[in-house]
>>> print(open('my_file-v7.cif').read())   # mmCIF, N, CA and C atoms
data_entry
#
loop_
_atom_site.label_atom_id
_atom_site.label_comp_id
_atom_site.auth_asym_id
_atom_site.auth_seq_id
_atom_site.Cartn_x
_atom_site.Cartn_y
_atom_site.Cartn_z
N MET A 1 -4.34 1.92 -11.14
CA MET A 1 -3.04 1.51 -11.59
C MET A 1 -2.24 2.71 -12.09
N SER A 2 -2.92 3.59 -12.84
CA SER A 2 -2.21 4.74 -13.38
C SER A 2 -1.78 5.71 -12.27
N THR A 3 -2.57 5.83 -11.22
CA THR A 3 -2.19 6.72 -10.12
C THR A 3 -0.99 6.16 -9.37
N VAL A 4 -0.93 4.86 -9.20
CA VAL A 4 0.25 4.25 -8.58
C VAL A 4 1.47 4.53 -9.46
N ALA A 5 1.31 4.38 -10.77
CA ALA A 5 2.41 4.65 -11.70
C ALA A 5 2.83 6.12 -11.62
N ASP A 6 1.86 7.01 -11.51
CA ASP A 6 2.15 8.44 -11.43
C ASP A 6 2.97 8.77 -10.18
N LYS A 7 2.75 8.03 -9.10
CA LYS A 7 3.45 8.27 -7.83
C LYS A 7 4.60 7.28 -7.61
N TYR A 8 4.95 6.54 -8.64
CA TYR A 8 5.96 5.50 -8.51
C TYR A 8 7.29 6.04 -7.97
N ALA A 9 7.69 7.23 -8.38
CA ALA A 9 8.95 7.81 -7.89
C ALA A 9 8.91 7.97 -6.37
N GLU A 10 7.74 8.32 -5.81
CA GLU A 10 7.62 8.44 -4.36
C GLU A 10 7.82 7.08 -3.68
N PHE A 11 7.27 6.04 -4.27
CA PHE A 11 7.48 4.69 -3.72
C PHE A 11 8.97 4.32 -3.80
N GLN A 12 9.61 4.64 -4.91
CA GLN A 12 11.04 4.35 -5.05
C GLN A 12 11.85 5.12 -4.01
N ASN A 13 11.50 6.37 -3.76
CA ASN A 13 12.20 7.17 -2.75
C ASN A 13 12.05 6.57 -1.36
N LEU A 14 10.99 5.80 -1.16
CA LEU A 14 10.77 5.12 0.12
C LEU A 14 11.39 3.72 0.12
N ASP A 15 12.19 3.42 -0.89
CA ASP A 15 12.83 2.12 -1.02
C ASP A 15 11.79 1.00 -0.98
N THR A 16 10.71 1.22 -1.72
CA THR A 16 9.57 0.31 -1.73
C THR A 16 9.38 -0.25 -3.14
N GLU A 17 9.13 -1.53 -3.21
CA GLU A 17 8.86 -2.17 -4.50
C GLU A 17 7.36 -2.25 -4.72
N VAL A 18 6.92 -1.95 -5.91
CA VAL A 18 5.51 -2.03 -6.27
C VAL A 18 5.33 -3.17 -7.27
N LEU A 19 4.35 -4.02 -7.02
CA LEU A 19 3.99 -5.10 -7.93
C LEU A 19 2.49 -5.05 -8.15
N ALA A 20 2.06 -5.26 -9.37
CA ALA A 20 0.64 -5.38 -9.68
C ALA A 20 0.36 -6.85 -9.99
N LEU A 21 -0.81 -7.31 -9.64
CA LEU A 21 -1.15 -8.72 -9.83
C LEU A 21 -2.62 -8.82 -10.20
N SER A 22 -2.92 -9.61 -11.20
CA SER A 22 -4.32 -9.87 -11.54
C SER A 22 -4.43 -11.26 -12.17
N VAL A 23 -5.66 -11.68 -12.38
CA VAL A 23 -5.89 -12.98 -13.02
C VAL A 23 -5.71 -12.89 -14.54
N ASP A 24 -5.52 -11.70 -15.06
CA ASP A 24 -5.31 -11.54 -16.50
C ASP A 24 -3.95 -12.07 -16.91
N THR A 25 -3.84 -12.46 -18.16
CA THR A 25 -2.57 -12.98 -18.68
C THR A 25 -1.60 -11.83 -18.93
N ILE A 26 -0.34 -12.19 -19.13
CA ILE A 26 0.65 -11.16 -19.45
C ILE A 26 0.32 -10.48 -20.78
N TYR A 27 -0.37 -11.18 -21.66
CA TYR A 27 -0.76 -10.61 -22.95
C TYR A 27 -1.84 -9.54 -22.76
N VAL A 28 -2.79 -9.83 -21.90
CA VAL A 28 -3.83 -8.83 -21.59
C VAL A 28 -3.19 -7.61 -20.93
N HIS A 29 -2.27 -7.85 -19.99
CA HIS A 29 -1.56 -6.74 -19.35
C HIS A 29 -0.84 -5.88 -20.38
N SER A 30 -0.17 -6.55 -21.32
CA SER A 30 0.59 -5.85 -22.34
C SER A 30 -0.32 -4.98 -23.21
N VAL A 31 -1.43 -5.54 -23.66
CA VAL A 31 -2.37 -4.78 -24.50
C VAL A 31 -2.96 -3.61 -23.71
N TRP A 32 -3.36 -3.85 -22.45
CA TRP A 32 -3.92 -2.80 -21.60
C TRP A 32 -2.90 -1.68 -21.42
N ASN A 33 -1.66 -2.05 -21.16
CA ASN A 33 -0.61 -1.06 -20.96
C ASN A 33 -0.37 -0.25 -22.24
N GLU A 34 -0.33 -0.94 -23.38
CA GLU A 34 -0.04 -0.27 -24.65
C GLU A 34 -1.20 0.59 -25.15
N THR A 35 -2.43 0.11 -24.99
CA THR A 35 -3.57 0.82 -25.59
C THR A 35 -4.24 1.83 -24.67
N GLU A 36 -4.03 1.69 -23.36
CA GLU A 36 -4.71 2.62 -22.45
C GLU A 36 -3.77 3.25 -21.43
N LEU A 37 -3.12 2.43 -20.65
CA LEU A 37 -2.31 2.97 -19.56
C LEU A 37 -1.20 3.88 -20.05
N SER A 38 -0.57 3.55 -21.16
CA SER A 38 0.51 4.38 -21.69
C SER A 38 0.01 5.74 -22.18
N LYS A 39 -1.30 5.85 -22.40
CA LYS A 39 -1.88 7.15 -22.77
C LYS A 39 -2.12 8.02 -21.55
N ILE A 40 -2.19 7.38 -20.38
CA ILE A 40 -2.36 8.11 -19.12
C ILE A 40 -1.00 8.42 -18.51
N ILE A 41 -0.12 7.44 -18.54
CA ILE A 41 1.23 7.54 -17.98
C ILE A 41 2.23 7.39 -19.12
N PRO A 42 2.94 8.45 -19.47
CA PRO A 42 3.92 8.32 -20.55
C PRO A 42 4.89 7.16 -20.29
N GLY A 43 5.01 6.29 -21.27
CA GLY A 43 5.88 5.13 -21.12
C GLY A 43 5.20 3.93 -20.50
N GLY A 44 3.98 4.12 -19.99
CA GLY A 44 3.23 3.01 -19.41
C GLY A 44 3.63 2.72 -17.97
N ILE A 45 3.19 1.59 -17.49
CA ILE A 45 3.39 1.19 -16.10
C ILE A 45 4.87 0.84 -15.88
N PRO A 46 5.54 1.50 -14.90
CA PRO A 46 6.97 1.28 -14.70
C PRO A 46 7.32 0.15 -13.74
N PHE A 47 6.33 -0.59 -13.29
CA PHE A 47 6.59 -1.68 -12.34
C PHE A 47 5.99 -2.97 -12.90
N PRO A 48 6.42 -4.11 -12.38
CA PRO A 48 5.93 -5.39 -12.92
C PRO A 48 4.43 -5.60 -12.73
N MET A 49 3.80 -6.10 -13.77
CA MET A 49 2.40 -6.52 -13.70
C MET A 49 2.42 -8.05 -13.81
N LEU A 50 2.12 -8.70 -12.70
CA LEU A 50 2.21 -10.16 -12.61
C LEU A 50 0.86 -10.80 -12.87
N THR A 51 0.89 -12.05 -13.28
CA THR A 51 -0.35 -12.76 -13.56
C THR A 51 -0.60 -13.86 -12.53
N ASP A 52 -1.87 -14.01 -12.20
CA ASP A 52 -2.33 -15.00 -11.22
C ASP A 52 -3.54 -15.72 -11.82
N ILE A 53 -3.34 -16.30 -12.99
CA ILE A 53 -4.45 -16.87 -13.77
C ILE A 53 -5.32 -17.82 -12.95
N ALA A 54 -4.73 -18.69 -12.17
CA ALA A 54 -5.50 -19.66 -11.40
C ALA A 54 -6.00 -19.11 -10.06
N GLY A 55 -5.59 -17.89 -9.72
CA GLY A 55 -6.05 -17.29 -8.47
C GLY A 55 -5.35 -17.82 -7.23
N ARG A 56 -4.23 -18.49 -7.39
CA ARG A 56 -3.55 -19.07 -6.23
C ARG A 56 -3.04 -18.01 -5.26
N ILE A 57 -2.41 -16.99 -5.79
CA ILE A 57 -1.89 -15.93 -4.92
C ILE A 57 -3.05 -15.16 -4.30
N GLY A 58 -4.06 -14.85 -5.11
CA GLY A 58 -5.25 -14.17 -4.59
C GLY A 58 -5.93 -14.97 -3.50
N THR A 59 -5.94 -16.28 -3.65
CA THR A 59 -6.52 -17.15 -2.61
C THR A 59 -5.71 -17.05 -1.33
N GLU A 60 -4.38 -17.09 -1.44
CA GLU A 60 -3.51 -16.99 -0.27
C GLU A 60 -3.74 -15.67 0.48
N TYR A 61 -4.01 -14.61 -0.26
CA TYR A 61 -4.21 -13.29 0.35
C TYR A 61 -5.69 -12.99 0.64
N GLY A 62 -6.56 -13.93 0.32
CA GLY A 62 -7.98 -13.78 0.64
C GLY A 62 -8.74 -12.83 -0.25
N VAL A 63 -8.26 -12.60 -1.49
CA VAL A 63 -8.94 -11.67 -2.38
C VAL A 63 -9.49 -12.31 -3.65
N PHE A 64 -9.28 -13.61 -3.83
CA PHE A 64 -9.76 -14.27 -5.04
C PHE A 64 -11.22 -14.65 -4.89
N GLU A 65 -12.05 -14.21 -5.84
CA GLU A 65 -13.46 -14.58 -5.88
C GLU A 65 -13.60 -15.73 -6.88
N GLU A 66 -13.68 -16.92 -6.36
CA GLU A 66 -13.70 -18.11 -7.21
C GLU A 66 -14.90 -18.10 -8.16
N ASP A 67 -16.08 -17.68 -7.69
CA ASP A 67 -17.28 -17.69 -8.53
C ASP A 67 -17.12 -16.79 -9.76
N ASN A 68 -16.42 -15.67 -9.60
CA ASN A 68 -16.24 -14.73 -10.71
C ASN A 68 -14.89 -14.87 -11.38
N GLY A 69 -13.98 -15.62 -10.77
CA GLY A 69 -12.65 -15.82 -11.34
C GLY A 69 -11.79 -14.58 -11.35
N VAL A 70 -11.99 -13.70 -10.37
CA VAL A 70 -11.22 -12.45 -10.31
C VAL A 70 -10.65 -12.23 -8.92
N ASP A 71 -9.62 -11.42 -8.88
CA ASP A 71 -9.08 -10.95 -7.61
C ASP A 71 -9.72 -9.60 -7.31
N LEU A 72 -10.15 -9.40 -6.06
CA LEU A 72 -10.62 -8.08 -5.64
C LEU A 72 -9.42 -7.14 -5.60
N ARG A 73 -9.71 -5.84 -5.57
CA ARG A 73 -8.63 -4.86 -5.49
C ARG A 73 -8.04 -4.90 -4.10
N GLY A 74 -6.87 -5.43 -3.99
CA GLY A 74 -6.21 -5.51 -2.70
C GLY A 74 -4.88 -4.79 -2.74
N THR A 75 -4.59 -4.10 -1.68
CA THR A 75 -3.29 -3.47 -1.50
C THR A 75 -2.68 -4.08 -0.25
N PHE A 76 -1.48 -4.61 -0.39
CA PHE A 76 -0.80 -5.27 0.72
C PHE A 76 0.55 -4.61 0.92
N ILE A 77 0.80 -4.18 2.15
CA ILE A 77 2.10 -3.61 2.50
C ILE A 77 2.87 -4.71 3.23
N VAL A 78 3.93 -5.16 2.58
CA VAL A 78 4.72 -6.28 3.08
C VAL A 78 6.11 -5.75 3.43
N ASP A 79 6.57 -6.03 4.65
CA ASP A 79 7.88 -5.54 5.07
C ASP A 79 9.00 -6.38 4.46
N PRO A 80 10.25 -5.94 4.62
CA PRO A 80 11.37 -6.68 4.01
C PRO A 80 11.51 -8.13 4.49
N GLU A 81 10.92 -8.45 5.63
CA GLU A 81 10.97 -9.84 6.12
C GLU A 81 9.82 -10.67 5.57
N GLY A 82 8.96 -10.08 4.73
CA GLY A 82 7.85 -10.81 4.13
C GLY A 82 6.59 -10.84 4.99
N VAL A 83 6.51 -10.01 6.02
CA VAL A 83 5.36 -9.96 6.91
C VAL A 83 4.39 -8.88 6.42
N VAL A 84 3.13 -9.24 6.24
CA VAL A 84 2.11 -8.27 5.85
C VAL A 84 1.87 -7.34 7.05
N GLN A 85 2.16 -6.07 6.87
CA GLN A 85 1.98 -5.08 7.93
C GLN A 85 0.61 -4.40 7.85
N GLY A 86 0.07 -4.32 6.65
CA GLY A 86 -1.24 -3.69 6.48
C GLY A 86 -1.82 -4.07 5.14
N TYR A 87 -3.14 -4.00 5.06
CA TYR A 87 -3.78 -4.28 3.78
C TYR A 87 -5.15 -3.62 3.73
N GLU A 88 -5.60 -3.43 2.50
CA GLU A 88 -6.91 -2.87 2.24
C GLU A 88 -7.48 -3.62 1.04
N VAL A 89 -8.73 -4.01 1.13
CA VAL A 89 -9.38 -4.72 0.03
C VAL A 89 -10.64 -3.94 -0.34
N LEU A 90 -10.75 -3.62 -1.62
CA LEU A 90 -11.88 -2.84 -2.13
C LEU A 90 -12.59 -3.60 -3.24
N THR A 91 -13.87 -3.36 -3.38
CA THR A 91 -14.58 -3.90 -4.54
C THR A 91 -14.28 -3.01 -5.74
N ALA A 92 -14.57 -3.51 -6.92
CA ALA A 92 -14.17 -2.85 -8.17
C ALA A 92 -14.63 -1.40 -8.34
N PRO A 93 -15.81 -1.00 -7.84
CA PRO A 93 -16.27 0.37 -8.14
C PRO A 93 -15.48 1.50 -7.46
N VAL A 94 -14.63 1.18 -6.49
CA VAL A 94 -13.94 2.25 -5.75
C VAL A 94 -12.43 2.07 -5.89
N GLY A 95 -11.76 3.15 -6.27
CA GLY A 95 -10.30 3.11 -6.42
C GLY A 95 -9.58 3.35 -5.12
N ARG A 96 -8.30 3.10 -5.15
CA ARG A 96 -7.45 3.26 -3.97
C ARG A 96 -7.09 4.73 -3.75
N ASN A 97 -6.67 5.05 -2.53
CA ASN A 97 -6.12 6.36 -2.22
C ASN A 97 -4.61 6.19 -2.11
N ILE A 98 -3.90 6.53 -3.15
CA ILE A 98 -2.46 6.29 -3.22
C ILE A 98 -1.72 7.12 -2.18
N ASP A 99 -2.17 8.34 -1.91
CA ASP A 99 -1.52 9.15 -0.88
C ASP A 99 -1.61 8.48 0.48
N GLU A 100 -2.71 7.81 0.75
CA GLU A 100 -2.86 7.09 2.02
C GLU A 100 -1.93 5.88 2.06
N ILE A 101 -1.78 5.20 0.95
CA ILE A 101 -0.87 4.05 0.91
C ILE A 101 0.56 4.53 1.17
N ILE A 102 0.95 5.63 0.57
CA ILE A 102 2.29 6.19 0.80
C ILE A 102 2.44 6.56 2.27
N ARG A 103 1.43 7.18 2.86
CA ARG A 103 1.48 7.55 4.28
C ARG A 103 1.65 6.31 5.14
N LEU A 104 0.94 5.24 4.82
CA LEU A 104 1.07 4.01 5.60
C LEU A 104 2.47 3.42 5.48
N VAL A 105 3.03 3.42 4.29
CA VAL A 105 4.40 2.93 4.12
C VAL A 105 5.35 3.76 5.00
N GLN A 106 5.19 5.08 4.95
CA GLN A 106 6.03 5.95 5.78
C GLN A 106 5.86 5.64 7.26
N ALA A 107 4.62 5.41 7.68
CA ALA A 107 4.35 5.12 9.09
C ALA A 107 4.99 3.79 9.51
N PHE A 108 4.80 2.75 8.71
CA PHE A 108 5.40 1.46 9.04
C PHE A 108 6.92 1.55 9.06
N GLN A 109 7.49 2.29 8.12
CA GLN A 109 8.94 2.45 8.10
C GLN A 109 9.42 3.22 9.32
N HIS A 110 8.66 4.22 9.74
CA HIS A 110 9.05 4.99 10.93
C HIS A 110 9.04 4.10 12.18
N VAL A 111 8.00 3.31 12.33
CA VAL A 111 7.92 2.40 13.48
C VAL A 111 9.12 1.45 13.47
N LYS A 112 9.41 0.89 12.29
CA LYS A 112 10.53 -0.06 12.18
C LYS A 112 11.85 0.64 12.50
N SER A 113 12.04 1.86 12.00
CA SER A 113 13.31 2.57 12.25
C SER A 113 13.47 2.96 13.72
N SER A 114 12.35 3.10 14.43
CA SER A 114 12.41 3.40 15.87
C SER A 114 12.58 2.13 16.69
N LYS A 115 12.72 1.00 16.00
CA LYS A 115 12.79 -0.32 16.66
C LYS A 115 11.54 -0.56 17.52
N GLU A 116 10.42 -0.07 16.99
CA GLU A 116 9.09 -0.21 17.60
C GLU A 116 8.99 0.47 18.97
N LYS A 117 9.84 1.48 19.20
CA LYS A 117 9.75 2.27 20.43
C LYS A 117 8.79 3.43 20.27
N GLU A 118 8.37 3.68 19.03
CA GLU A 118 7.38 4.71 18.75
C GLU A 118 6.23 4.07 17.99
N VAL A 119 5.03 4.58 18.21
CA VAL A 119 3.86 4.13 17.46
C VAL A 119 3.22 5.35 16.80
N ILE A 120 2.42 5.07 15.81
CA ILE A 120 1.88 6.12 14.96
C ILE A 120 0.40 6.33 15.23
N PRO A 121 0.01 7.54 15.64
CA PRO A 121 -1.41 7.82 15.85
C PRO A 121 -2.15 8.02 14.52
N SER A 122 -3.45 7.99 14.59
CA SER A 122 -4.32 8.19 13.43
C SER A 122 -4.01 9.51 12.73
N GLY A 123 -3.94 9.46 11.41
CA GLY A 123 -3.75 10.67 10.63
C GLY A 123 -2.33 11.20 10.63
N TRP A 124 -1.40 10.50 11.25
CA TRP A 124 -0.01 10.93 11.33
C TRP A 124 0.58 11.15 9.94
N ARG A 125 1.43 12.13 9.84
CA ARG A 125 2.24 12.40 8.65
C ARG A 125 3.68 12.58 9.11
N PRO A 126 4.65 12.31 8.25
CA PRO A 126 6.04 12.54 8.65
C PRO A 126 6.24 13.95 9.20
N GLY A 127 6.97 14.01 10.30
CA GLY A 127 7.20 15.29 10.97
C GLY A 127 6.25 15.55 12.12
N MET A 128 5.15 14.82 12.17
CA MET A 128 4.20 14.97 13.27
C MET A 128 4.65 14.14 14.47
N ALA A 129 4.05 14.43 15.61
CA ALA A 129 4.38 13.72 16.84
C ALA A 129 4.01 12.25 16.73
N THR A 130 4.82 11.42 17.37
CA THR A 130 4.51 10.00 17.51
C THR A 130 4.30 9.74 19.00
N LEU A 131 3.93 8.53 19.32
CA LEU A 131 3.72 8.18 20.72
C LEU A 131 4.74 7.13 21.14
N LYS A 132 5.18 7.21 22.38
CA LYS A 132 6.11 6.22 22.93
C LYS A 132 5.34 5.42 23.97
N PRO A 133 4.93 4.21 23.60
CA PRO A 133 4.10 3.42 24.51
C PRO A 133 4.83 3.10 25.81
N GLY A 134 4.07 3.06 26.88
CA GLY A 134 4.63 2.72 28.18
C GLY A 134 3.76 3.32 29.28
N MET A 135 4.13 3.05 30.49
CA MET A 135 3.35 3.51 31.64
C MET A 135 3.26 5.04 31.68
N ALA A 136 4.30 5.73 31.26
CA ALA A 136 4.31 7.19 31.31
C ALA A 136 3.27 7.81 30.37
N LEU A 137 2.82 7.05 29.39
CA LEU A 137 1.87 7.57 28.41
C LEU A 137 0.42 7.43 28.89
N ILE A 138 0.18 6.53 29.81
CA ILE A 138 -1.19 6.26 30.25
C ILE A 138 -1.82 7.52 30.83
N GLY A 139 -2.96 7.89 30.27
CA GLY A 139 -3.69 9.07 30.72
C GLY A 139 -3.10 10.38 30.23
N LYS A 140 -2.06 10.32 29.39
CA LYS A 140 -1.41 11.55 28.94
C LYS A 140 -1.35 11.68 27.42
N VAL A 141 -2.00 10.77 26.72
CA VAL A 141 -1.99 10.87 25.26
C VAL A 141 -2.49 12.24 24.83
N TRP A 142 -3.49 12.74 25.50
CA TRP A 142 -4.08 14.02 25.15
C TRP A 142 -3.07 15.17 25.23
N GLU A 143 -2.05 15.03 26.09
CA GLU A 143 -1.03 16.08 26.21
C GLU A 143 -0.08 16.07 25.02
N ILE A 144 0.09 14.89 24.42
CA ILE A 144 1.09 14.72 23.36
C ILE A 144 0.46 14.79 21.98
N TRP A 145 -0.67 14.11 21.81
CA TRP A 145 -1.23 13.94 20.48
C TRP A 145 -2.46 14.82 20.27
N LYS A 146 -2.38 15.64 19.27
CA LYS A 146 -3.52 16.42 18.79
C LYS A 146 -3.55 16.22 17.27
N PRO A 147 -4.68 15.83 16.70
CA PRO A 147 -4.72 15.56 15.26
C PRO A 147 -4.23 16.72 14.40
N SER A 148 -4.30 17.94 14.91
CA SER A 148 -3.89 19.10 14.10
C SER A 148 -2.39 19.35 14.13
N ARG A 149 -1.63 18.61 14.98
CA ARG A 149 -0.17 18.84 15.06
C ARG A 149 0.57 18.05 14.03
#
>>> encode(input="my_file-v7.cif", output="structure tokens")
Amino acid sequence: MSTVADKYAEFQNLDTEVLALSVDTIYVHSVWNETELSKIIPGGIPFPMLTDIAGRIGTEYGVFEEDNGVDLRGTFIVDPEGVVQGYEVLTAPVGRNIDEIIRLVQAFQHVKSSKEKEVIPSGWRPGMATLKPGMALIGKVWEIWKPSR
């Protein structure tokens, strides 16, 4: 959570909204933010921390563990039309890679801005080559895409 907060300005620059959600109450979120998170991130978490006490939203997204009453760590990239474009679900012992989430947002935005005429190869970063799907690309990906470019 603190790493997302630390990179929040990058998400804002991408015109992206960040929301946090857990089964904890708003009171637990408030205490956590005041007693711990604000010591890591000056001013605390700058985005909304929402509550899903009954696990309804977590159930809809497939991350609610009913037996334990918790939501797994899920990251969902949702486009402006409300369509989930990508997601990652992790168990509690492993944290997210925020730089990868930012890269994915950039990639999805690039595809959308190209009106889906370009696709993004593995490991792509802004400024790197993209691919234009079609018959002309068949058998020639190797000429265009090199992971080091």
>>> atom_distance(input="my_file-v7.cif", atom1="CA of Ser114 (chain A)", atom2="CA of Ala20 (chain A)")
29.5 Å
>>> atom_distance(input="my_file-v7.cif", atom1="atom N of Ile77 (chain A)", atom2="CA of Ile101 (chain A)")
8.5 Å
>>> resolve_selection(input="my_file-v7.cif", expression="the PyMOL selection byres ((chain A and resi 87-91) around 7)", output="ChimeraX atom specification")
/A:72-77,84-86,92-95
>>> resolve_selection(input="my_file-v7.cif", expression="the PyMOL selection byres (((chain A and resi 2-6 and name CA) around 7) and name CA)", output="PyMOL selection string")
chain A and resi 1+7-8+37+40-41+45-46+98
>>> write_last_selection(input="my_file-v7.cif", atoms="N, CA and C atoms", output="mmCIF file, in the frame of the given file")
data_model
loop_
_atom_site.group_PDB
_atom_site.id
_atom_site.type_symbol
_atom_site.label_atom_id
_atom_site.label_comp_id
_atom_site.auth_asym_id
_atom_site.auth_seq_id
_atom_site.Cartn_x
_atom_site.Cartn_y
_atom_site.Cartn_z
ATOM 1 N N MET A 1 -4.340 1.920 -11.140
ATOM 2 C CA MET A 1 -3.040 1.510 -11.590
ATOM 3 C C MET A 1 -2.240 2.710 -12.090
ATOM 4 N N LYS A 7 2.750 8.030 -9.100
ATOM 5 C CA LYS A 7 3.450 8.270 -7.830
ATOM 6 C C LYS A 7 4.600 7.280 -7.610
ATOM 7 N N TYR A 8 4.950 6.540 -8.640
ATOM 8 C CA TYR A 8 5.960 5.500 -8.510
ATOM 9 C C TYR A 8 7.290 6.040 -7.970
ATOM 10 N N LEU A 37 -3.120 2.430 -20.650
ATOM 11 C CA LEU A 37 -2.310 2.970 -19.560
ATOM 12 C C LEU A 37 -1.200 3.880 -20.050
ATOM 13 N N ILE A 40 -2.190 7.380 -20.380
ATOM 14 C CA ILE A 40 -2.360 8.110 -19.120
ATOM 15 C C ILE A 40 -1.000 8.420 -18.510
ATOM 16 N N ILE A 41 -0.120 7.440 -18.540
ATOM 17 C CA ILE A 41 1.230 7.540 -17.980
ATOM 18 C C ILE A 41 2.230 7.390 -19.120
ATOM 19 N N ILE A 45 3.190 1.590 -17.490
ATOM 20 C CA ILE A 45 3.390 1.190 -16.100
ATOM 21 C C ILE A 45 4.870 0.840 -15.880
ATOM 22 N N PRO A 46 5.540 1.500 -14.900
ATOM 23 C CA PRO A 46 6.970 1.280 -14.700
ATOM 24 C C PRO A 46 7.320 0.150 -13.740
ATOM 25 N N ILE A 98 -3.900 6.530 -3.150
ATOM 26 C CA ILE A 98 -2.460 6.290 -3.220
ATOM 27 C C ILE A 98 -1.720 7.120 -2.180
#
>>> resolve_selection(input="my_file-v7.cif", expression="the PyMOL selection byres ((chain A and resi 25) around 7)", output="NGL selection string")
:A and (22-24 or 26-30 or 50-53)
>>> write_last_selection(input="my_file-v7.cif", atoms="N, CA and C atoms", output="compact mmCIF listing (two decimals), in the coordinates of the input")
# COMPACT_ATOMS: atom_id res chain seq x y z
N SER A 22 -2.92 -9.61 -11.20
CA SER A 22 -4.32 -9.87 -11.54
C SER A 22 -4.43 -11.26 -12.17
N VAL A 23 -5.66 -11.68 -12.38
CA VAL A 23 -5.89 -12.98 -13.02
C VAL A 23 -5.71 -12.89 -14.54
N ASP A 24 -5.52 -11.70 -15.06
CA ASP A 24 -5.31 -11.54 -16.50
C ASP A 24 -3.95 -12.07 -16.91
N ILE A 26 -0.34 -12.19 -19.13
CA ILE A 26 0.65 -11.16 -19.45
C ILE A 26 0.32 -10.48 -20.78
N TYR A 27 -0.37 -11.18 -21.66
CA TYR A 27 -0.76 -10.61 -22.95
C TYR A 27 -1.84 -9.54 -22.76
N VAL A 28 -2.79 -9.83 -21.90
CA VAL A 28 -3.83 -8.83 -21.59
C VAL A 28 -3.19 -7.61 -20.93
N HIS A 29 -2.27 -7.85 -19.99
CA HIS A 29 -1.56 -6.74 -19.35
C HIS A 29 -0.84 -5.88 -20.38
N SER A 30 -0.17 -6.55 -21.32
CA SER A 30 0.59 -5.85 -22.34
C SER A 30 -0.32 -4.98 -23.21
N LEU A 50 2.12 -8.70 -12.70
CA LEU A 50 2.21 -10.16 -12.61
C LEU A 50 0.86 -10.80 -12.87
N THR A 51 0.89 -12.05 -13.28
CA THR A 51 -0.35 -12.76 -13.56
C THR A 51 -0.60 -13.86 -12.53
N ASP A 52 -1.87 -14.01 -12.20
CA ASP A 52 -2.33 -15.00 -11.22
C ASP A 52 -3.54 -15.72 -11.82
N ILE A 53 -3.34 -16.30 -12.99
CA ILE A 53 -4.45 -16.87 -13.77
C ILE A 53 -5.32 -17.82 -12.95
>>> select_by_dssp(input="my_file-v7.cif", residues="chain A", states="helix (DSSP H, G or I)", output="VMD selection string")
chain A and resid 2 to 6 8 to 13 26 to 40 56 to 60 98 to 113 135 to 137 141 to 144
>>> select_by_dssp(input="my_file-v7.cif", residues="region 4-146 of chain A", states="strand (DSSP E or B)", output="list in words")
Ala20, Leu21, Ser22, Met49, Leu50, Thr51, Phe64, Glu65, Val70, Asp71, Arg73, Gly74, Thr75, Phe76, Ile77, Val78, Val84, Gln85, Gly86, Tyr87, Glu88, Val89, Leu90, Val119 and Leu131 of chain A
>>> residues_around(input="my_file-v7.cif", residues="Lys132 (chain A)", least_positions_apart="5", cutoff="8 Å", atoms="all atoms listed in the file", output="list in words")
Glu116, Lys117, Glu118, Val119, Ile120, Leu137 and Ile138 of chain A
>>> write_last_selection(input="my_file-v7.cif", atoms="N, CA and C atoms", output="PDB file, in the coordinates of the input")
ATOM      1  N   GLU A 116      10.420  -0.070  16.990  1.00  0.00           N
ATOM      2  CA  GLU A 116       9.090  -0.210  17.600  1.00  0.00           C
ATOM      3  C   GLU A 116       8.990   0.470  18.970  1.00  0.00           C
ATOM      4  N   LYS A 117       9.840   1.480  19.200  1.00  0.00           N
ATOM      5  CA  LYS A 117       9.750   2.270  20.430  1.00  0.00           C
ATOM      6  C   LYS A 117       8.790   3.430  20.270  1.00  0.00           C
ATOM      7  N   GLU A 118       8.370   3.680  19.030  1.00  0.00           N
ATOM      8  CA  GLU A 118       7.380   4.710  18.750  1.00  0.00           C
ATOM      9  C   GLU A 118       6.230   4.070  17.990  1.00  0.00           C
ATOM     10  N   VAL A 119       5.030   4.580  18.210  1.00  0.00           N
ATOM     11  CA  VAL A 119       3.860   4.130  17.460  1.00  0.00           C
ATOM     12  C   VAL A 119       3.220   5.350  16.800  1.00  0.00           C
ATOM     13  N   ILE A 120       2.420   5.070  15.810  1.00  0.00           N
ATOM     14  CA  ILE A 120       1.880   6.120  14.960  1.00  0.00           C
ATOM     15  C   ILE A 120       0.400   6.330  15.230  1.00  0.00           C
ATOM     16  N   LEU A 137       2.820   7.050  29.390  1.00  0.00           N
ATOM     17  CA  LEU A 137       1.870   7.570  28.410  1.00  0.00           C
ATOM     18  C   LEU A 137       0.420   7.430  28.890  1.00  0.00           C
ATOM     19  N   ILE A 138       0.180   6.530  29.810  1.00  0.00           N
ATOM     20  CA  ILE A 138      -1.190   6.260  30.250  1.00  0.00           C
ATOM     21  C   ILE A 138      -1.820   7.520  30.830  1.00  0.00           C
TER      22      ILE A 138
END
>>> atom_distance(input="my_file-v7.cif", atom1="atom C of Gly82 (chain A)", atom2="atom N of Arg96 (chain A)")
22.8 Å
